[in-house]
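What follows is the content of protein-v3.txt, which has compact mmCIF, C-alpha atoms and all ligand atoms:
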# COMPACT_ATOMS: atom_id res chain seq x y z
CA MET A 423 10.18 -13.36 56.23
CA VAL A 424 13.74 -13.01 54.99
CA GLN A 425 15.37 -9.78 56.14
CA ASN A 426 18.33 -7.98 54.63
CA ALA A 427 21.15 -6.67 56.77
CA ASP A 428 19.19 -3.61 57.89
CA GLY A 429 15.96 -5.60 58.21
CA GLN A 430 14.17 -3.42 55.67
CA PRO A 431 12.21 -4.78 52.74
CA VAL A 432 12.92 -3.54 49.23
CA ARG A 433 10.11 -1.20 48.25
CA ILE A 434 8.92 -1.47 44.66
CA GLY A 435 6.25 0.21 42.56
CA VAL A 436 3.85 -1.58 40.24
CA VAL A 437 2.57 0.52 37.35
CA GLY A 438 -0.56 -1.10 35.93
CA LEU A 439 -2.81 -3.51 37.82
CA GLY A 440 -4.37 -5.25 34.84
CA THR A 441 -4.09 -8.99 34.30
CA ILE A 442 -0.31 -9.09 34.65
CA GLY A 443 0.11 -6.42 37.32
CA SER A 444 -2.52 -8.11 39.52
CA GLY A 445 -0.76 -11.43 39.06
CA VAL A 446 2.56 -9.89 40.06
CA VAL A 447 1.08 -8.41 43.27
CA ARG A 448 -0.55 -11.75 44.13
CA LEU A 449 2.61 -13.71 43.49
CA LEU A 450 4.73 -11.32 45.54
CA VAL A 451 2.32 -11.66 48.46
CA ASP A 452 1.40 -15.35 48.19
CA SER A 453 5.01 -16.47 47.77
CA ALA A 454 6.62 -13.72 49.84
CA ASP A 455 8.85 -16.04 51.88
CA HIS A 456 10.12 -17.98 48.93
CA ILE A 457 10.64 -14.87 46.81
CA GLY A 458 12.26 -13.04 49.71
CA ARG A 459 14.75 -15.88 50.07
CA ALA A 460 15.55 -15.78 46.34
CA ALA A 461 16.02 -12.01 46.46
CA GLY A 462 17.94 -12.05 49.73
CA ARG A 463 15.45 -9.63 51.29
CA PRO A 464 11.69 -9.11 51.44
CA ILE A 465 10.00 -7.34 48.53
CA GLU A 466 7.10 -5.04 49.29
CA VAL A 467 4.73 -3.34 46.86
CA ALA A 468 4.90 0.18 48.28
CA ALA A 469 2.79 1.86 45.60
CA ALA A 470 0.73 0.94 42.57
CA VAL A 471 -0.44 3.13 39.71
CA VAL A 472 -3.68 2.52 37.82
CA ARG A 473 -5.90 4.33 35.32
CA ASP A 474 -9.03 4.10 37.50
CA ALA A 475 -8.41 4.10 41.25
CA HIS A 476 -12.10 3.43 42.01
CA LYS A 477 -12.35 0.18 40.09
CA PRO A 478 -13.02 -2.68 42.54
CA ARG A 479 -9.95 -4.89 42.90
CA ASP A 480 -9.61 -8.09 44.83
CA LEU A 481 -5.94 -7.73 45.63
CA PRO A 482 -3.80 -8.09 48.75
CA LEU A 483 -2.84 -4.43 48.51
CA PRO A 484 -4.18 -1.62 50.74
CA ALA A 485 -6.28 0.87 48.73
CA ALA A 486 -4.16 3.70 50.15
CA ARG A 487 -1.21 2.43 48.13
CA ILE A 488 -3.08 2.68 44.82
CA SER A 489 -3.20 5.96 42.91
CA THR A 490 -3.48 7.29 39.39
CA ASP A 491 -0.28 9.32 39.63
CA ILE A 492 2.97 7.79 38.31
CA ARG A 493 4.85 10.18 40.60
CA THR A 494 3.75 8.15 43.66
CA VAL A 495 6.26 5.63 42.33
CA SER A 496 8.73 7.74 40.37
CA ARG A 497 9.16 10.52 42.94
CA ASP A 498 9.32 8.30 46.02
CA PRO A 499 13.05 8.10 46.84
CA THR A 500 12.54 4.93 48.89
CA ILE A 501 11.31 3.08 45.78
CA THR A 502 14.20 1.89 43.64
CA LEU A 503 12.46 -0.43 41.21
CA ALA A 504 9.28 -0.24 39.16
CA ALA A 505 7.43 -2.96 37.30
CA LEU A 506 5.92 -1.22 34.27
CA LEU A 507 2.98 -3.43 33.33
CA VAL A 508 1.01 -1.15 31.09
CA GLY A 509 0.47 -2.26 27.48
CA GLY A 510 0.67 -0.21 24.30
CA LEU A 511 3.02 2.65 23.41
CA GLU A 512 1.60 5.64 25.27
CA PRO A 513 1.49 6.44 28.10
CA ALA A 514 3.83 3.44 28.63
CA ARG A 515 6.76 5.15 26.89
CA SER A 516 6.45 8.41 28.83
CA MET A 517 6.08 6.44 32.06
CA MET A 518 9.25 4.49 31.32
CA VAL A 519 11.16 7.73 30.65
CA GLU A 520 9.83 9.30 33.88
CA LEU A 521 10.77 6.21 35.92
CA LEU A 522 14.29 6.03 34.46
CA GLU A 523 14.90 9.75 34.81
CA GLN A 524 13.83 9.55 38.43
CA GLY A 525 16.42 6.86 39.04
CA LYS A 526 14.31 3.69 39.03
CA ASP A 527 15.34 0.37 37.55
CA VAL A 528 12.49 -0.94 35.41
CA VAL A 529 11.06 -4.39 34.75
CA THR A 530 8.55 -4.63 31.93
CA ALA A 531 6.43 -7.07 29.94
CA ASN A 532 5.62 -4.57 27.19
CA LYS A 533 6.97 -6.06 23.95
CA ALA A 534 5.33 -3.45 21.73
CA LEU A 535 7.20 -0.72 23.59
CA LEU A 536 10.51 -2.55 23.23
CA ALA A 537 9.97 -3.42 19.57
CA GLU A 538 9.05 0.18 18.77
CA HIS A 539 11.20 2.26 21.12
CA GLY A 540 13.66 -0.24 22.62
CA PRO A 541 16.95 1.33 21.50
CA GLU A 542 16.12 4.87 22.64
CA LEU A 543 14.78 3.67 26.01
CA PHE A 544 17.62 1.24 26.65
CA ASP A 545 20.25 3.83 25.75
CA LEU A 546 18.55 6.29 28.07
CA ALA A 547 18.66 3.70 30.87
CA ARG A 548 22.37 3.11 30.21
CA ARG A 549 23.16 6.83 30.24
CA LEU A 550 21.35 7.12 33.56
CA GLY A 551 23.04 4.03 35.05
CA ARG A 552 19.74 2.18 35.35
CA SER A 553 18.61 -1.22 34.03
CA ILE A 554 15.60 -2.54 32.12
CA ALA A 555 14.68 -6.21 32.39
CA PHE A 556 12.11 -7.75 30.03
CA GLU A 557 11.94 -11.53 30.38
CA ALA A 558 8.14 -11.38 30.39
CA ALA A 559 8.00 -9.54 27.07
CA VAL A 560 8.56 -12.70 25.01
CA ALA A 561 6.88 -16.08 25.41
CA GLY A 562 5.35 -15.38 28.84
CA GLY A 563 6.65 -17.86 31.39
CA ILE A 564 9.35 -19.39 29.18
CA PRO A 565 12.71 -17.91 30.22
CA ILE A 566 13.77 -17.42 26.62
CA VAL A 567 15.37 -13.98 27.03
CA ALA A 568 17.77 -15.29 29.66
CA ALA A 569 18.27 -18.50 27.70
CA ILE A 570 19.40 -16.71 24.53
CA GLY A 571 21.10 -13.72 26.14
CA GLU A 572 22.93 -15.58 28.89
CA CYS A 573 22.70 -19.36 28.92
CA LEU A 574 23.38 -19.79 25.19
CA ALA A 575 25.78 -16.87 24.95
CA ALA A 576 28.61 -19.15 23.82
CA ASN A 577 26.70 -20.12 20.70
CA ARG A 578 26.38 -18.67 17.25
CA ILE A 579 22.64 -19.00 16.86
CA GLU A 580 21.69 -20.41 13.47
CA SER A 581 17.91 -20.32 13.62
CA ILE A 582 14.85 -19.75 15.75
CA ARG A 583 11.46 -21.25 15.12
CA GLY A 584 8.67 -20.47 17.53
CA ILE A 585 5.07 -20.18 18.50
CA LEU A 586 5.09 -16.80 20.21
CA ASN A 587 1.46 -15.79 20.56
CA GLY A 588 -0.63 -17.70 23.08
CA THR A 589 -3.93 -16.23 21.92
CA SER A 590 -3.43 -17.35 18.32
CA ASN A 591 -2.35 -20.79 19.42
CA PHE A 592 -5.30 -21.08 21.77
CA ILE A 593 -7.72 -20.12 18.98
CA LEU A 594 -6.17 -22.54 16.48
CA THR A 595 -6.24 -25.46 18.91
CA ARG A 596 -9.81 -24.76 20.06
CA MET A 597 -10.96 -24.71 16.43
CA GLU A 598 -8.99 -27.87 15.71
CA GLU A 599 -9.94 -29.86 18.80
CA ASP A 600 -13.54 -29.01 19.56
CA GLY A 601 -14.73 -27.25 16.43
CA SER A 602 -15.13 -23.88 18.17
CA THR A 603 -15.70 -21.03 15.80
CA TYR A 604 -13.01 -18.42 15.46
CA ALA A 605 -15.19 -15.88 17.30
CA GLU A 606 -15.97 -18.28 20.18
CA ALA A 607 -12.32 -19.21 20.60
CA LEU A 608 -11.21 -15.57 20.56
CA ALA A 609 -13.83 -14.69 23.21
CA GLN A 610 -12.50 -17.52 25.40
CA ALA A 611 -8.92 -16.31 24.95
CA GLN A 612 -9.98 -12.84 26.02
CA ALA A 613 -11.92 -14.16 29.04
CA ARG A 614 -8.83 -16.09 30.16
CA GLY A 615 -6.63 -13.00 29.99
CA TYR A 616 -4.45 -14.19 27.10
CA ALA A 617 -5.31 -11.53 24.54
CA GLU A 618 -3.98 -8.01 24.20
CA ALA A 619 -6.33 -5.14 25.02
CA ASP A 620 -6.73 -4.87 21.24
CA PRO A 621 -6.87 -8.54 20.17
CA SER A 622 -6.22 -7.67 16.54
CA MET A 623 -2.57 -7.37 17.66
CA ASP A 624 -2.70 -11.09 18.46
CA VAL A 625 -4.63 -12.43 15.48
CA ASP A 626 -2.99 -10.31 12.77
CA GLY A 627 0.48 -11.49 13.86
CA THR A 628 1.68 -8.13 15.21
CA ASP A 629 2.38 -9.43 18.72
CA ALA A 630 4.34 -12.46 17.48
CA THR A 631 6.27 -10.26 15.05
CA GLN A 632 7.27 -7.80 17.77
CA LYS A 633 8.45 -10.73 19.90
CA LEU A 634 10.39 -12.15 16.95
CA ALA A 635 12.10 -8.78 16.46
CA ILE A 636 13.24 -8.87 20.10
CA LEU A 637 14.44 -12.49 19.88
CA THR A 638 16.22 -11.73 16.61
CA HIS A 639 18.07 -8.92 18.30
CA LEU A 640 19.11 -11.14 21.20
CA ALA A 641 20.07 -14.11 19.04
CA PHE A 642 21.70 -12.44 16.04
CA GLY A 643 22.87 -9.13 17.52
CA ALA A 644 21.01 -7.14 14.89
CA TRP A 645 18.13 -4.73 15.17
CA VAL A 646 15.07 -5.30 13.00
CA PRO A 647 12.28 -2.74 12.74
CA TRP A 648 9.41 -5.14 13.39
CA LYS A 649 7.26 -3.69 10.60
CA GLU A 650 9.83 -4.90 8.06
CA ILE A 651 9.25 -8.52 9.01
CA PRO A 652 6.79 -10.18 6.61
CA ARG A 653 3.71 -11.00 8.66
CA THR A 654 0.50 -12.93 8.19
CA GLY A 655 -1.84 -13.62 11.09
CA ILE A 656 -4.30 -16.38 11.92
CA ASP A 657 -7.14 -14.14 10.83
CA THR A 658 -6.45 -15.67 7.40
CA VAL A 659 -7.13 -19.23 8.68
CA ASP A 660 -10.59 -20.82 8.71
CA ILE A 661 -11.96 -24.07 10.07
CA ASP A 662 -11.88 -25.76 6.65
CA LEU A 663 -8.15 -25.12 6.27
CA ILE A 664 -7.57 -26.64 9.70
CA ARG A 665 -9.68 -29.67 8.76
CA TYR A 666 -8.01 -30.23 5.40
CA ALA A 667 -4.55 -29.89 6.92
CA GLY A 668 -5.59 -32.41 9.58
CA GLU A 669 -6.64 -34.91 6.91
CA LEU A 670 -3.09 -34.76 5.53
CA GLY A 671 -1.57 -35.31 8.98
CA TYR A 672 -0.74 -31.68 9.78
CA ARG A 673 -1.80 -28.98 12.21
CA ILE A 674 -1.78 -25.26 11.52
CA ARG A 675 0.32 -23.09 13.84
CA LEU A 676 1.33 -19.44 13.72
CA VAL A 677 5.09 -19.88 13.34
CA ALA A 678 7.74 -17.19 13.74
CA LEU A 679 10.94 -17.98 11.86
CA ALA A 680 14.39 -16.43 11.90
CA ARG A 681 17.46 -17.94 10.27
CA ARG A 682 20.76 -16.91 8.78
CA ALA A 683 20.74 -16.83 4.99
CA ASP A 684 24.00 -15.91 3.20
CA GLY A 685 25.00 -13.08 5.51
CA ARG A 686 21.43 -11.87 5.85
CA LEU A 687 18.50 -12.84 8.05
CA ALA A 688 15.39 -14.51 6.72
CA LEU A 689 12.46 -13.66 8.96
CA ARG A 690 8.75 -14.21 8.79
CA VAL A 691 5.63 -14.77 10.87
CA ALA A 692 2.87 -16.75 9.19
CA PRO A 693 0.49 -19.65 9.72
CA ALA A 694 2.19 -22.83 8.56
CA LEU A 695 1.53 -26.56 8.46
CA VAL A 696 3.49 -28.57 11.01
CA ARG A 697 3.34 -32.34 11.06
CA ALA A 698 1.16 -33.80 13.81
CA GLY A 699 3.26 -35.36 16.54
CA THR A 700 6.15 -32.91 16.23
CA PRO A 701 6.84 -30.60 19.18
CA LEU A 702 5.46 -27.48 17.46
CA ALA A 703 2.29 -29.30 16.42
CA GLU A 704 1.80 -30.60 19.96
CA THR A 705 2.10 -27.08 21.38
CA ARG A 706 -1.52 -26.48 22.31
CA GLY A 707 -3.73 -23.87 23.92
CA ALA A 708 -1.94 -20.83 25.32
CA TYR A 709 1.41 -22.64 25.27
CA ASN A 710 4.32 -21.14 23.39
CA ALA A 711 7.32 -22.99 22.03
CA VAL A 712 10.74 -21.93 20.84
CA SER A 713 13.14 -24.15 18.97
CA ILE A 714 16.68 -22.77 18.68
CA VAL A 715 19.70 -24.13 16.89
CA GLY A 716 23.08 -23.04 18.26
CA ASP A 717 26.40 -24.15 16.78
CA ALA A 718 27.67 -25.63 20.05
CA VAL A 719 24.51 -26.75 21.79
CA GLY A 720 22.61 -28.05 18.75
CA ARG A 721 18.84 -27.89 18.70
CA MET A 722 17.02 -26.91 21.89
CA PHE A 723 13.32 -26.81 22.50
CA PHE A 724 11.53 -24.62 25.05
CA HIS A 725 7.86 -25.10 25.86
CA GLY A 726 5.61 -23.40 28.38
CA LEU A 727 2.67 -21.10 28.91
CA GLY A 728 3.23 -18.02 26.81
CA ALA A 729 0.25 -15.97 27.92
CA GLY A 730 -1.91 -15.59 30.97
CA GLN A 731 -1.68 -14.00 34.35
CA MET A 732 0.51 -16.20 36.50
CA PRO A 733 2.95 -17.53 33.87
CA THR A 734 3.69 -13.96 32.83
CA ALA A 735 3.85 -12.85 36.47
CA SER A 736 6.39 -15.63 37.02
CA ALA A 737 8.72 -13.99 34.48
CA VAL A 738 8.12 -10.46 35.81
CA VAL A 739 8.88 -11.49 39.38
CA ALA A 740 12.00 -13.34 38.27
CA ASP A 741 13.19 -10.05 36.75
CA ILE A 742 12.28 -8.19 39.95
CA ILE A 743 14.38 -10.68 41.92
CA ASP A 744 17.25 -10.36 39.43
CA THR A 745 17.12 -6.59 39.74
CA VAL A 746 17.04 -6.67 43.54
CA VAL A 747 19.95 -9.08 43.64
CA GLY A 748 21.91 -6.95 41.17
CA ARG A 749 22.18 -9.50 38.37
CA ALA A 750 19.96 -7.49 36.01
CA ALA A 751 22.24 -4.45 36.24
CA ILE A 752 25.33 -6.52 35.41
CA THR A 753 23.65 -8.21 32.45
CA PHE A 754 22.24 -4.92 31.21
CA ARG A 755 25.57 -3.15 31.44
CA THR A 756 27.72 -5.88 29.96
CA THR A 757 25.55 -7.06 27.08
CA GLY A 758 24.69 -3.63 25.68
CA VAL A 759 21.34 -5.08 24.74
CA LEU A 760 19.00 -3.07 22.50
CA SER A 761 21.40 -0.23 21.82
CA ALA A 762 20.85 2.27 19.02
CA ASP A 763 24.42 1.38 17.98
CA THR A 764 23.30 -2.14 17.12
CA PRO A 765 23.55 -2.68 13.36
CA THR A 766 20.25 -2.97 11.56
CA ALA A 767 19.70 -6.46 10.20
CA ARG A 768 20.05 -7.03 6.48
CA LEU A 769 16.94 -8.99 5.61
CA ALA A 770 16.88 -11.69 3.00
CA GLY A 771 13.84 -11.68 0.74
CA VAL A 772 11.27 -14.24 1.78
CA ASP A 773 11.49 -16.81 -0.94
CA ALA A 774 11.39 -20.02 1.00
CA MET A 775 12.02 -23.34 -0.68
CA GLU A 776 9.42 -25.56 0.90
CA ARG A 777 6.27 -27.53 0.23
CA HIS A 778 3.10 -25.49 -0.02
CA PHE A 779 -0.46 -26.29 0.96
CA LEU A 780 -3.05 -24.64 -1.27
CA ARG A 781 -6.81 -24.33 -1.02
CA ILE A 782 -8.44 -23.15 -4.23
CA LEU A 783 -12.21 -22.76 -4.55
CA VAL A 784 -13.20 -23.75 -8.07
CA THR A 785 -16.29 -24.16 -10.20
CA ASP A 786 -17.07 -27.87 -10.33
CA ARG A 787 -17.03 -28.72 -14.04
CA PRO A 788 -14.96 -30.84 -16.42
CA GLY A 789 -11.51 -29.55 -17.29
CA VAL A 790 -11.11 -27.27 -14.26
CA LEU A 791 -8.63 -29.48 -12.44
CA ALA A 792 -6.51 -29.74 -15.61
CA ARG A 793 -6.44 -25.95 -15.93
CA ILE A 794 -5.31 -25.45 -12.34
CA THR A 795 -2.63 -28.12 -12.44
CA GLY A 796 -1.57 -26.80 -15.85
CA ILE A 797 -0.92 -23.33 -14.43
CA LEU A 798 1.08 -24.83 -11.56
CA GLY A 799 3.05 -26.90 -14.09
CA ASP A 800 3.72 -23.82 -16.21
CA HIS A 801 5.35 -22.24 -13.15
CA GLY A 802 7.51 -25.30 -12.56
CA ILE A 803 5.55 -26.44 -9.51
CA SER A 804 5.25 -30.15 -9.00
CA ILE A 805 2.20 -31.52 -7.20
CA ALA A 806 2.42 -34.12 -4.43
CA SER A 807 -1.34 -34.60 -3.94
CA VAL A 808 -4.71 -33.16 -4.94
CA ILE A 809 -7.96 -33.70 -3.09
CA GLN A 810 -11.24 -32.31 -4.31
CA HIS A 811 -13.63 -32.02 -1.43
CA ASP A 812 -17.37 -32.23 -1.91
CA PRO A 813 -19.36 -29.10 -1.33
CA ILE A 814 -20.56 -29.43 2.23
CA ASP A 815 -23.90 -27.71 2.39
CA ALA A 816 -27.00 -28.37 0.30
CA GLY A 817 -26.64 -25.09 -1.56
CA GLY A 818 -23.62 -26.40 -3.41
CA SER A 819 -21.13 -24.18 -1.62
CA ALA A 820 -18.20 -25.01 0.58
CA ALA A 821 -18.45 -24.71 4.37
CA GLY A 822 -18.62 -21.13 5.48
CA GLY A 823 -20.94 -20.23 2.62
CA ARG A 824 -18.13 -19.73 0.11
CA PRO A 825 -19.03 -20.50 -3.48
CA GLY A 826 -17.18 -23.23 -5.38
CA VAL A 827 -15.72 -26.55 -4.32
CA PRO A 828 -12.40 -26.75 -2.53
CA LEU A 829 -9.36 -28.18 -4.25
CA VAL A 830 -6.68 -28.94 -1.70
CA ILE A 831 -3.22 -29.27 -3.22
CA MET A 832 0.06 -30.21 -1.58
CA THR A 833 3.04 -29.26 -3.71
CA HIS A 834 6.51 -30.71 -3.71
CA GLN A 835 9.27 -28.32 -2.68
CA ALA A 836 8.90 -25.09 -4.59
CA ARG A 837 9.98 -21.46 -4.28
CA SER A 838 7.28 -19.44 -2.56
CA SER A 839 7.72 -16.72 -5.23
CA ALA A 840 6.85 -19.25 -7.95
CA VAL A 841 3.84 -20.51 -5.99
CA ARG A 842 2.65 -16.94 -5.44
CA ALA A 843 2.96 -16.15 -9.14
CA ALA A 844 1.07 -19.31 -10.06
CA LEU A 845 -1.68 -18.51 -7.57
CA ASP A 846 -2.04 -14.99 -8.96
CA ALA A 847 -2.66 -16.54 -12.38
CA ILE A 848 -4.99 -19.15 -10.91
CA ASP A 849 -6.98 -16.57 -8.95
CA ALA A 850 -7.41 -14.47 -12.10
CA SER A 851 -9.07 -17.41 -13.86
CA ASP A 852 -12.85 -17.41 -14.36
CA VAL A 853 -13.24 -20.83 -12.71
CA VAL A 854 -11.79 -19.71 -9.36
CA HIS A 855 -13.77 -18.04 -6.60
CA GLY A 856 -12.06 -15.51 -4.37
CA ARG A 857 -8.46 -15.59 -3.27
CA SER A 858 -6.77 -18.92 -2.76
CA ALA A 859 -5.10 -19.83 0.51
CA CYS A 860 -1.41 -20.72 0.57
CA LEU A 861 0.51 -21.94 3.63
CA GLY A 862 4.09 -23.10 3.90
CA VAL A 863 4.76 -26.62 5.17
CA LEU A 864 7.48 -27.00 7.83
CA ASP A 865 8.46 -30.62 7.42
CA GLU A 866 11.43 -30.87 9.77
N1 LIG B 901 -1.39 -11.51 24.02
C1 LIG B 901 -0.17 -12.19 24.23
C2 LIG B 901 -0.32 -13.62 23.74
C3 LIG B 901 0.17 -12.18 25.68
O1 LIG B 901 -1.44 -14.05 23.47
O2 LIG B 901 0.67 -14.30 23.59
C4 LIG B 901 1.59 -12.54 25.98
O3 LIG B 901 2.49 -11.65 25.41
Take the structure in this file and express it as structure tokens.
Amino acid sequence: MVQNADGQPVRIGVVGLGTIGSGVVRLLVDSADHIGRAAGRPIEVAAAVVRDAHKPRDLPLPAARISTDIRTVSRDPTITLAALLVGGLEPARSMMVELLEQGKDVVTANKALLAEHGPELFDLARRLGRSIAFEAAVAGGIPIVAAIGECLAANRIESIRGILNGTSNFILTRMEEDGSTYAEALAQAQARGYAEADPSMDVDGTDATQKLAILTHLAFGAWVPWKEIPRTGIDTVDIDLIRYAGELGYRIRLVALARRADGRLALRVAPALVRAGTPLAETRGAYNAVSIVGDAVGRMFFHGLGAGQMPTASAVVADIIDTVVGRAAITFRTTGVLSADTPTARLAGVDAMERHFLRILVTDRPGVLARITGILGDHGISIASVIQHDPIDAGGSAAGGRPGVPLVIMTHQARSSAVRAALDAIDASDVVHGRSACLGVLDE
């Protein structure tokens, strides 16, 4: 084992021994020599805090070091650093405050906490002379926080395009590749430890939106309340949409977008069509991807596991090492990251000019197609292709038991506001069943 000058290991606390916390303990023990060399001294988990101390745990950590009391970490003067690996807002927020006030540096993976309370917590840390490191909060194992905040610091970032939720991507690719149902794929994602404790945060786009708010802050130096970012999740996507997109040479991905637009920022999280064979389309399973354009570096693409125990532990332990070495404190102090003084972003309205993919369930009778295309034409929307699919089951309804037959339309480039207005008119028509689906198409 590597020893520091006085031969003593650095004693840390781990708050939360769920999927990520357990992975962090395992990694620190299994790779102790290697990690100790990187940190310049051994790192020892001196105390861990859990909700239920009696729950059986198969961890290389003596039971005597596990308690339900945060003060076993916060009030131990020999512990200087805590990994806060509890999800959600409370008690995570109070725990962070307690740890900072008791003089601990903090490493966390909790993106919801940062997106909701980041500025107040980071300013508190600064006032107290402490640091918060959060590489694991965005895109799991991909070192995107360091990449944007440090490695690309010379660049004016023009845009970010990313797949930021591993659970959603896993579900979409399972449905696409082996025909799993949405429910089956979600259950698998949960069993593999990808999903949040409340998986609706994954599938309704909340998690990806919170991560986009953090990346936007790092890349554009502006604070965005995450709830102001337009958000649609994959809970709006069904197997038919995936199949129809596939027939046109596309895959559906939950894509987070941020770009400069005339002095404002255009942001959104939504399922979109990406052309098969492109890097985003080939991002499968629990992988995440981030494509960034910087004025000096050009376009960069990052790809790696964005969810799951050990990839996320990899990022947490990297932050622990950075904190032990002292790099985290320097970065934290000098970059002023997540300060309440950061200007709030001015958001551009989301009125993208792009192709749109529509699925409209219509009554199958003469003249219907002409009515639909007529409404699109009236709104100035030009059509690239129309496919009418046969009803799939014997009852004359589309797959999934929906009434009507599916019309799948690919438009030419059109304003999303015009497409929305046309769809409102189409959906109000007596030959249309339910609400039509509309996804943007990301061609480049
Ligand atoms: N639930 C998250 C995801 C975990 O699926 O991406 C990583 O933040």
For CA of Asn710 in chain A and CA of Gly728 in chain A, the interatomic separation in Å (one decimal)
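Those two atoms sit 4.8 Å apart.
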Interatomic distance (Å, one decimal) between CA of Thr734 in chain A and CA of Thr764 in chain A:
27.8 Å
Selection within 8 Å of ligand LIG 901 (chain B) by all atoms listed in the file, output as a list in words
Ala531, Asn532, Lys533, Ala558, Ala559, Val560, Ala561, Gly562, Leu586, Asn587, Gly588, Thr589, Ser590, Asn591, Ala611, Tyr616, Ala617, Glu618, Pro621, Met623, Asp624, Asp629, Ala630, Ala708, Asn710, Gly728, Ala729, Gly730 and Thr734 of chain A
Step by step: start from the point (16.0, -17.2, 25.1) in the file's coordinates, keep every protein, DNA or RNA residue that has an atom no farther than 7 Å from it, count only C-alpha atoms, and write the set as number ranges by chain.
A: 565-571
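Of the listed residues (A:Phe556, A:Arg549, A:Leu679, A:Ala751), A:Ala751 comes nearest to Asp527 in chain A; the distances count all atoms listed in the file.
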Can I get the residues of range 665-705 of chain A within 12 Å of range 826-838 of chain A, each with the closest pair of atoms and their distance in Å to one decimal, using all atoms listed in the file, sorted chain first then ascending number, as CSV?
residue,atom,partner,partner_atom,distance
A:Arg665,CA,A:Val830,CA,10.9
A:Tyr666,CA,A:Val830,CA,7.3
A:Ala667,CA,A:Val830,CA,8.9
A:Gly668,CA,A:Val830,CA,11.9
A:Glu669,CA,A:Val830,CA,10.5
A:Leu670,CA,A:Met832,CA,9.0
A:Gly671,CA,A:Met832,CA,11.8
A:Tyr672,CA,A:Met832,CA,11.5
A:Leu695,CA,A:Met832,CA,10.8
Which of these residues is nearest to Val808 in chain A, using all atoms listed in the file: A:Lys526, A:Arg548, A:Arg463, A:Arg781?
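Closest candidate: A:Arg781.
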Please identify all polymer residues within 10 Å of range 783-794 of chain A, counting all atoms listed in the file, omitting same-chain residues fewer than 5 positions from it, and present them as a PyMOL selection string.
chain A and resi 799-800+808+810-813+818-820+824-830+844-845+847-849+851-859
Pick out the closest residue to Ile488 in chain A from this set: A:Val447, A:Ala718, A:Leu511, A:Met518. Count all atoms listed in the file.
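With all atoms listed in the file as the atom set, the closest residue is A:Val447.
Taking CA of Leu594 in chain A and CA of Ile656 in chain A as the two end points, the separation is 7.9 Å.
The shortest atom-to-atom distance to Ala469 in chain A, with all atoms listed in the file taken into account, belongs to A:Val436 out of A:Val436, A:Ala735, A:Leu449, A:Leu574.
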Of the candidates A:Gly540, A:Gly443, A:Gly615, A:Gly643, which shows the shortest atom-to-atom distance to Ile554 in chain A, using all atoms listed in the file?
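Result for the nearest residue to Ile554 in chain A: A:Gly540.
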Given all atoms listed in the file as the counted atoms, nearest of A:Val712, A:Ala619, A:Leu864, A:Ile743 to Pro693 in chain A:
A:Leu864
Point (11.5, -9.6, 9.3) neighbourhood (9 Å, all atoms listed in the file) written as a PyMOL selection string
chain A and resi 631+634-635+638+646-653+679-680+687-691+767+769-770+772
